[in-house]
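S.K.: Contents of work.cif (mmCIF, C-alpha atoms):
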```
data_data
#
loop_
_atom_site.label_atom_id
_atom_site.label_comp_id
_atom_site.auth_asym_id
_atom_site.auth_seq_id
_atom_site.Cartn_x
_atom_site.Cartn_y
_atom_site.Cartn_z
CA VAL A 1 0.00 0.00 0.00
CA GLN A 2 1.23 3.47 -0.85
CA VAL A 3 -0.35 6.85 -0.26
CA GLN A 4 0.62 10.15 -1.88
CA GLU A 5 -0.55 13.68 -1.12
CA SER A 6 -1.14 16.29 -3.81
CA GLY A 7 -2.45 19.84 -3.93
CA PRO A 8 -1.46 23.50 -3.95
CA GLY A 9 1.58 24.45 -1.94
CA LEU A 10 0.37 28.01 -1.38
CA VAL A 11 -3.02 29.11 -0.11
CA LYS A 12 -4.17 32.66 0.67
CA PRO A 13 -5.46 33.58 4.12
CA SER A 14 -9.23 33.08 4.56
CA GLU A 15 -9.36 30.68 1.60
CA THR A 16 -9.88 26.91 1.62
CA LEU A 17 -6.99 24.46 1.65
CA SER A 18 -7.70 21.40 -0.50
CA LEU A 19 -5.53 18.28 -0.64
CA THR A 20 -5.98 14.86 -2.18
CA CYS A 21 -4.43 11.57 -1.17
CA THR A 22 -4.09 8.95 -3.89
CA VAL A 23 -3.94 5.35 -2.71
CA SER A 24 -2.17 2.64 -4.69
CA GLY A 25 -1.83 -1.05 -4.01
CA TYR A 26 -5.10 -1.26 -2.10
CA SER A 27 -8.74 -0.47 -2.77
CA ILE A 28 -10.12 2.13 -0.36
CA SER A 29 -13.54 0.53 -0.65
CA SER A 30 -12.16 -2.66 0.91
CA GLY A 31 -11.97 -1.11 4.35
CA TYR A 32 -9.87 0.68 6.98
CA TYR A 33 -9.73 4.27 8.15
CA TRP A 34 -7.80 6.84 6.10
CA GLY A 35 -6.49 9.92 7.83
CA TRP A 36 -4.84 13.30 7.64
CA ILE A 37 -2.13 14.48 10.04
CA ARG A 38 -0.20 17.73 9.93
CA GLN A 39 3.05 19.07 11.36
CA SER A 40 3.71 22.78 11.70
CA PRO A 41 7.33 23.85 11.10
CA GLY A 42 9.47 22.66 13.98
CA LYS A 43 6.46 21.31 15.86
CA GLY A 44 4.88 17.95 16.66
CA LEU A 45 2.20 15.89 14.96
CA GLU A 46 -1.44 16.93 14.99
CA TRP A 47 -4.21 14.58 13.89
CA ILE A 48 -6.73 16.36 11.67
CA GLY A 49 -9.36 13.78 10.84
CA SER A 50 -10.08 10.35 9.43
CA ILE A 51 -12.65 8.72 7.20
CA TYR A 52 -13.83 5.13 6.89
CA HIS A 53 -14.33 3.61 3.46
CA SER A 54 -18.07 3.86 4.05
CA GLY A 55 -17.78 7.61 4.60
CA SER A 56 -18.09 7.90 8.37
CA THR A 57 -15.72 10.48 9.79
CA TYR A 58 -13.94 11.62 12.91
CA TYR A 59 -12.44 15.10 13.25
CA ASN A 60 -10.12 16.85 15.64
CA PRO A 61 -12.42 18.87 17.91
CA SER A 62 -10.19 21.93 17.57
CA LEU A 63 -10.60 21.90 13.78
CA ARG A 64 -14.07 20.39 13.41
CA SER A 65 -15.79 23.62 12.42
CA ARG A 66 -13.39 24.12 9.48
CA VAL A 67 -12.47 20.63 8.28
CA SER A 68 -14.05 18.12 5.94
CA VAL A 69 -12.66 14.77 4.80
CA SER A 70 -14.27 12.90 1.93
CA VAL A 71 -13.61 9.74 -0.04
CA ASP A 72 -13.89 8.99 -3.76
CA THR A 73 -13.77 5.23 -4.13
CA SER A 74 -14.01 5.46 -7.93
CA LYS A 75 -10.66 7.28 -8.02
CA ASN A 76 -9.25 5.47 -4.96
CA GLN A 77 -8.64 8.82 -3.33
CA PHE A 78 -9.61 10.68 -0.21
CA SER A 79 -9.49 14.42 0.29
CA LEU A 80 -9.09 17.13 2.90
CA LYS A 81 -10.69 20.55 2.91
CA LEU A 82 -9.78 23.11 5.57
CA SER A 83 -11.60 26.41 5.34
CA SER A 84 -10.78 29.93 6.53
CA VAL A 85 -7.09 29.21 6.78
CA THR A 86 -4.61 31.44 8.58
CA ALA A 87 -0.85 31.42 8.91
CA ALA A 88 -1.28 28.97 11.80
CA ASP A 89 -2.39 26.36 9.26
CA THR A 90 0.99 26.44 7.53
CA ALA A 91 2.30 22.90 7.90
CA VAL A 92 3.39 19.71 6.22
CA TYR A 93 0.25 17.70 5.64
CA TYR A 94 0.45 13.90 5.64
CA CYS A 95 -2.08 11.32 4.61
CA ALA A 96 -1.97 7.82 6.06
CA ARG A 97 -3.93 4.61 6.52
CA SER A 98 -4.78 2.84 9.72
CA PRO A 99 -3.85 -0.79 9.13
CA LYS A 100 -6.10 -2.00 11.95
CA GLY A 101 -9.63 -2.69 10.90
CA GLY A 102 -12.11 -0.46 12.67
CA TYR A 103 -9.46 1.69 14.33
CA VAL A 104 -8.55 5.28 13.44
CA ILE A 105 -5.05 4.93 14.85
CA PRO A 106 -2.24 3.64 14.36
CA PHE A 107 -1.07 5.05 11.04
CA ASP A 108 0.86 3.07 8.43
CA PRO A 109 1.88 3.77 5.78
CA TRP A 110 2.37 7.55 5.61
CA GLY A 111 2.71 9.68 2.53
CA GLN A 112 5.86 11.72 2.05
CA GLY A 113 3.98 14.86 3.09
CA THR A 114 3.25 18.09 1.29
CA LEU A 115 4.09 21.55 2.60
CA VAL A 116 1.23 24.00 2.49
CA THR A 117 2.04 27.62 3.18
CA VAL A 118 -0.68 30.11 3.99
CA SER A 119 0.37 33.53 2.77
CA SER A 120 -0.92 36.35 0.65
CA GLN B 1 0.29 21.61 24.72
CA SER B 2 -0.22 17.98 23.75
CA VAL B 3 -2.69 15.61 25.37
CA LEU B 4 0.11 13.08 25.82
CA THR B 5 3.29 14.13 27.63
CA GLN B 6 6.75 13.12 26.44
CA PRO B 7 10.17 14.39 27.52
CA PRO B 8 11.48 16.89 24.93
CA SER B 9 14.80 15.12 24.61
CA VAL B 10 16.81 12.10 25.66
CA SER B 11 20.36 11.11 24.92
CA ALA B 12 22.65 8.13 25.31
CA ALA B 13 25.86 6.74 23.91
CA PRO B 14 26.08 4.28 21.04
CA GLY B 15 25.40 0.74 22.17
CA GLN B 16 23.50 1.88 25.25
CA LYS B 17 19.79 1.65 26.03
CA VAL B 18 17.29 4.49 26.27
CA THR B 19 13.64 4.71 27.24
CA ILE B 20 11.12 7.33 26.20
CA SER B 21 8.03 7.83 28.31
CA CYS B 22 4.54 8.86 27.24
CA SER B 23 2.08 9.89 29.91
CA GLY B 24 -1.65 10.29 29.48
CA SER B 25 -4.90 9.61 31.26
CA SER B 26 -7.65 7.04 31.58
CA SER B 27 -9.45 8.48 28.56
CA ASN B 28 -6.53 7.84 26.25
CA ILE B 29 -3.59 5.59 27.18
CA GLY B 30 -5.43 4.00 30.08
CA ASN B 31 -8.11 2.47 27.87
CA ASN B 32 -6.71 2.46 24.35
CA TYR B 33 -3.79 1.01 22.42
CA VAL B 34 -0.59 3.03 22.10
CA SER B 35 1.54 3.31 18.97
CA TRP B 36 5.04 4.73 18.51
CA TYR B 37 6.50 6.53 15.48
CA GLN B 38 10.02 7.38 14.41
CA GLN B 39 10.62 10.51 12.34
CA LEU B 40 14.11 10.76 10.89
CA PRO B 41 15.22 14.28 9.90
CA GLY B 42 13.39 15.54 6.85
CA THR B 43 11.23 12.45 6.43
CA ALA B 44 7.69 11.34 7.18
CA PRO B 45 6.95 9.51 10.43
CA LYS B 46 7.20 5.73 10.38
CA LEU B 47 5.24 3.33 12.56
CA LEU B 48 7.45 1.28 14.87
CA ILE B 49 5.16 -0.14 17.55
CA TYR B 50 1.38 -0.64 17.64
CA ASP B 51 -1.04 -2.16 20.14
CA ASN B 52 1.31 -1.11 22.97
CA ASP B 53 4.00 -3.68 22.32
CA LYS B 54 3.75 -5.15 18.81
CA ARG B 55 6.59 -4.40 16.41
CA LEU B 56 5.64 -3.67 12.83
CA SER B 57 7.09 -6.21 10.44
CA GLY B 58 10.69 -5.34 9.64
CA ILE B 59 11.31 -3.31 12.80
CA PRO B 60 14.37 -4.62 14.68
CA ASP B 61 13.80 -6.19 18.07
CA ARG B 62 16.04 -3.46 19.51
CA PHE B 63 12.79 -1.48 19.65
CA SER B 64 10.19 -2.43 22.24
CA GLY B 65 7.02 -0.98 23.67
CA SER B 66 5.18 -1.39 26.94
CA LYS B 67 2.21 0.10 28.75
CA SER B 68 1.26 0.31 32.39
CA GLY B 69 -1.83 2.15 33.53
CA THR B 70 -1.89 5.59 31.93
CA SER B 71 1.73 5.56 30.75
CA ALA B 72 3.61 3.92 27.93
CA THR B 73 7.29 3.46 27.24
CA LEU B 74 9.40 2.98 24.14
CA GLY B 75 12.70 1.23 24.69
CA ILE B 76 15.63 1.17 22.29
CA THR B 77 18.65 -1.01 22.97
CA GLY B 78 21.99 -1.18 21.20
CA LEU B 79 21.70 2.47 20.14
CA GLN B 80 23.04 3.41 16.73
CA THR B 81 23.71 6.82 15.27
CA GLY B 82 21.00 6.03 12.74
CA ASP B 83 18.45 5.97 15.57
CA GLU B 84 18.79 9.74 16.00
CA ALA B 85 15.29 10.97 15.31
CA ASP B 86 12.13 12.37 16.83
CA TYR B 87 9.88 9.78 18.44
CA TYR B 88 6.14 10.24 18.94
CA CYS B 89 3.55 8.26 20.87
CA GLY B 90 -0.05 8.23 19.74
CA THR B 91 -3.38 6.82 20.80
CA TRP B 92 -7.13 7.37 20.68
CA ASP B 93 -8.81 9.58 23.24
CA SER B 94 -12.25 8.24 24.02
CA SER B 95 -13.45 11.45 25.68
CA LEU B 96 -12.39 13.64 22.76
CA SER B 97 -13.23 11.00 20.13
CA ALA B 98 -9.96 12.02 18.56
CA GLY B 99 -6.52 10.75 17.72
CA VAL B 100 -3.86 12.31 19.93
CA PHE B 101 -0.07 12.45 19.85
CA GLY B 102 2.63 13.27 22.33
CA GLY B 103 4.74 16.34 21.73
CA GLY B 104 7.65 14.23 20.54
CA THR B 105 11.04 13.32 21.98
CA ARG B 106 14.30 14.04 20.20
CA LEU B 107 16.80 11.24 20.64
CA THR B 108 20.46 12.14 20.43
CA VAL B 109 23.03 9.36 20.21
CA LEU B 110 26.17 10.96 21.60
#
```
Kindly transcribe the structure held in the file into structure tokens.
M.R.:
Amino acid sequence: VQVQESGPGLVKPSETLSLTCTVSGYSISSGYYWGWIRQSPGKGLEWIGSIYHSGSTYYNPSLRSRVSVSVDTSKNQFSLKLSSVTAADTAVYYCARSPKGGYVIPFDPWGQGTLVTVSS
Amino acid sequence: QSVLTQPPSVSAAPGQKVTISCSGSSSNIGNNYVSWYQQLPGTAPKLLIYDNDKRLSGIPDRFSGSKSGTSATLGITGLQTGDEADYYCGTWDSSLSAGVFGGGTRLTVL
């Protein structure tokens, strides 16, 4: 299984950050939770949210009002949308799978990460 | 501040053993499985340990995990310079209904 993030590397303040994670080597519709984690420069890991292949979701309470994770089984992809971004949302964004059926965490494998900078 | 508490840094000499602690509460570590991740400089995190003490396939047995009550520990024996990295613990928090991580511990092999 491999996962790979893609999307714009620069987003303007107050706009919506949109990222896609493409999965290869495994069909999303077969199961497991698929998640997004971010890491601000020089900081630790922050879980953003996860989605089951059926579409049920869990979100970080601190981001819930701004975040949406969706899945497109036809493209074997899942996506992240984070609205009303500020400079505090500047981070490397990772996508990952939970290899344990029915569990959001642990995470394996991880994508290589994509840096998203929020700046005008 | 993170829900799970880790020491910011630990250090030891090559060949020695080091332990990294991860402290939480009954809503997270106390009632859920703990996983451990290694992040080498400039790379994505990599899962080492899951379900408190299970090594992912391919992870050397120099790495071990344990849990007692509301705390978990990652142990690394026979330290190598290649083990220098940031290490993170993670688990589910049942009260928050959220995944949570520790703040990370930087391991220096002197």
S.K.: So which residues get picked by the PyMOL selection byres ((chain A) within 9 of (chain B)) here, written as a compact mmCIF listing (two decimals) with C-alpha atoms, in the coordinates of the input?
M.R.:
```txt
# COMPACT_ATOMS: atom_id res chain seq x y z
CA LYS A 43 6.46 21.31 15.86
CA GLY A 44 4.88 17.95 16.66
CA LEU A 45 2.20 15.89 14.96
CA GLU A 46 -1.44 16.93 14.99
CA TRP A 47 -4.21 14.58 13.89
CA ILE A 48 -6.73 16.36 11.67
CA GLY A 49 -9.36 13.78 10.84
CA TYR A 58 -13.94 11.62 12.91
CA TYR A 59 -12.44 15.10 13.25
CA ASN A 60 -10.12 16.85 15.64
CA PRO A 61 -12.42 18.87 17.91
CA TYR A 94 0.45 13.90 5.64
CA TYR A 103 -9.46 1.69 14.33
CA VAL A 104 -8.55 5.28 13.44
CA ILE A 105 -5.05 4.93 14.85
CA PRO A 106 -2.24 3.64 14.36
CA PHE A 107 -1.07 5.05 11.04
CA ASP A 108 0.86 3.07 8.43
CA PRO A 109 1.88 3.77 5.78
CA TRP A 110 2.37 7.55 5.61
CA GLY A 111 2.71 9.68 2.53
CA GLN A 112 5.86 11.72 2.05
CA GLY A 113 3.98 14.86 3.09
```
S.K.: Give me, please, the distance in Å between atom CA of Arg66 of chain A and atom CA of Ser26 of chain B, quoted to one decimal.
M.R.: 28.5 Å
S.K.: Please compute the atom CA of Gly69 of chain B-atom CA of Arg38 of chain A distance, one decimal, in Å.
M.R.: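 Distance reported for this atom pair: 28.3 Å.
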S.K.: Using all atoms listed in the file, what residues lie at most 7 Å away from (-7.9, 5.5, -6.4) (file coordinates), given as a PDB file with C-alpha atoms, in the frame of the given file?
M.R.:
```pdb
ATOM      1  CA  THR A  22      -4.090   8.950  -3.890  1.00  0.00           C
ATOM      2  CA  VAL A  23      -3.940   5.350  -2.710  1.00  0.00           C
ATOM      3  CA  SER A  24      -2.170   2.640  -4.690  1.00  0.00           C
ATOM      4  CA  THR A  73     -13.770   5.230  -4.130  1.00  0.00           C
ATOM      5  CA  SER A  74     -14.010   5.460  -7.930  1.00  0.00           C
ATOM      6  CA  LYS A  75     -10.660   7.280  -8.020  1.00  0.00           C
ATOM      7  CA  ASN A  76      -9.250   5.470  -4.960  1.00  0.00           C
ATOM      8  CA  GLN A  77      -8.640   8.820  -3.330  1.00  0.00           C
TER       9      GLN A  77
END
```
S.K.: Could you give me the axis-aligned bounding box of segment 81-100 of chain B, with 8 Å of padding per side, as centre plus edge lengths in Å to one decimal, as AutoDock Vina command-line options?
M.R.:
```
--center_x 5.1 --center_y 9.8 --center_z 19.2 --size_x 53.2 --size_y 23.7 --size_z 28.9
```
S.K.: Env of Tyr93 of chain A: 8 Å cut, atoms = all atoms listed in the file, seq-sep filter 3 positions within chain, self excluded. Answer as a PyMOL selection string.
M.R.: chain A and resi 5+36-39+113-116
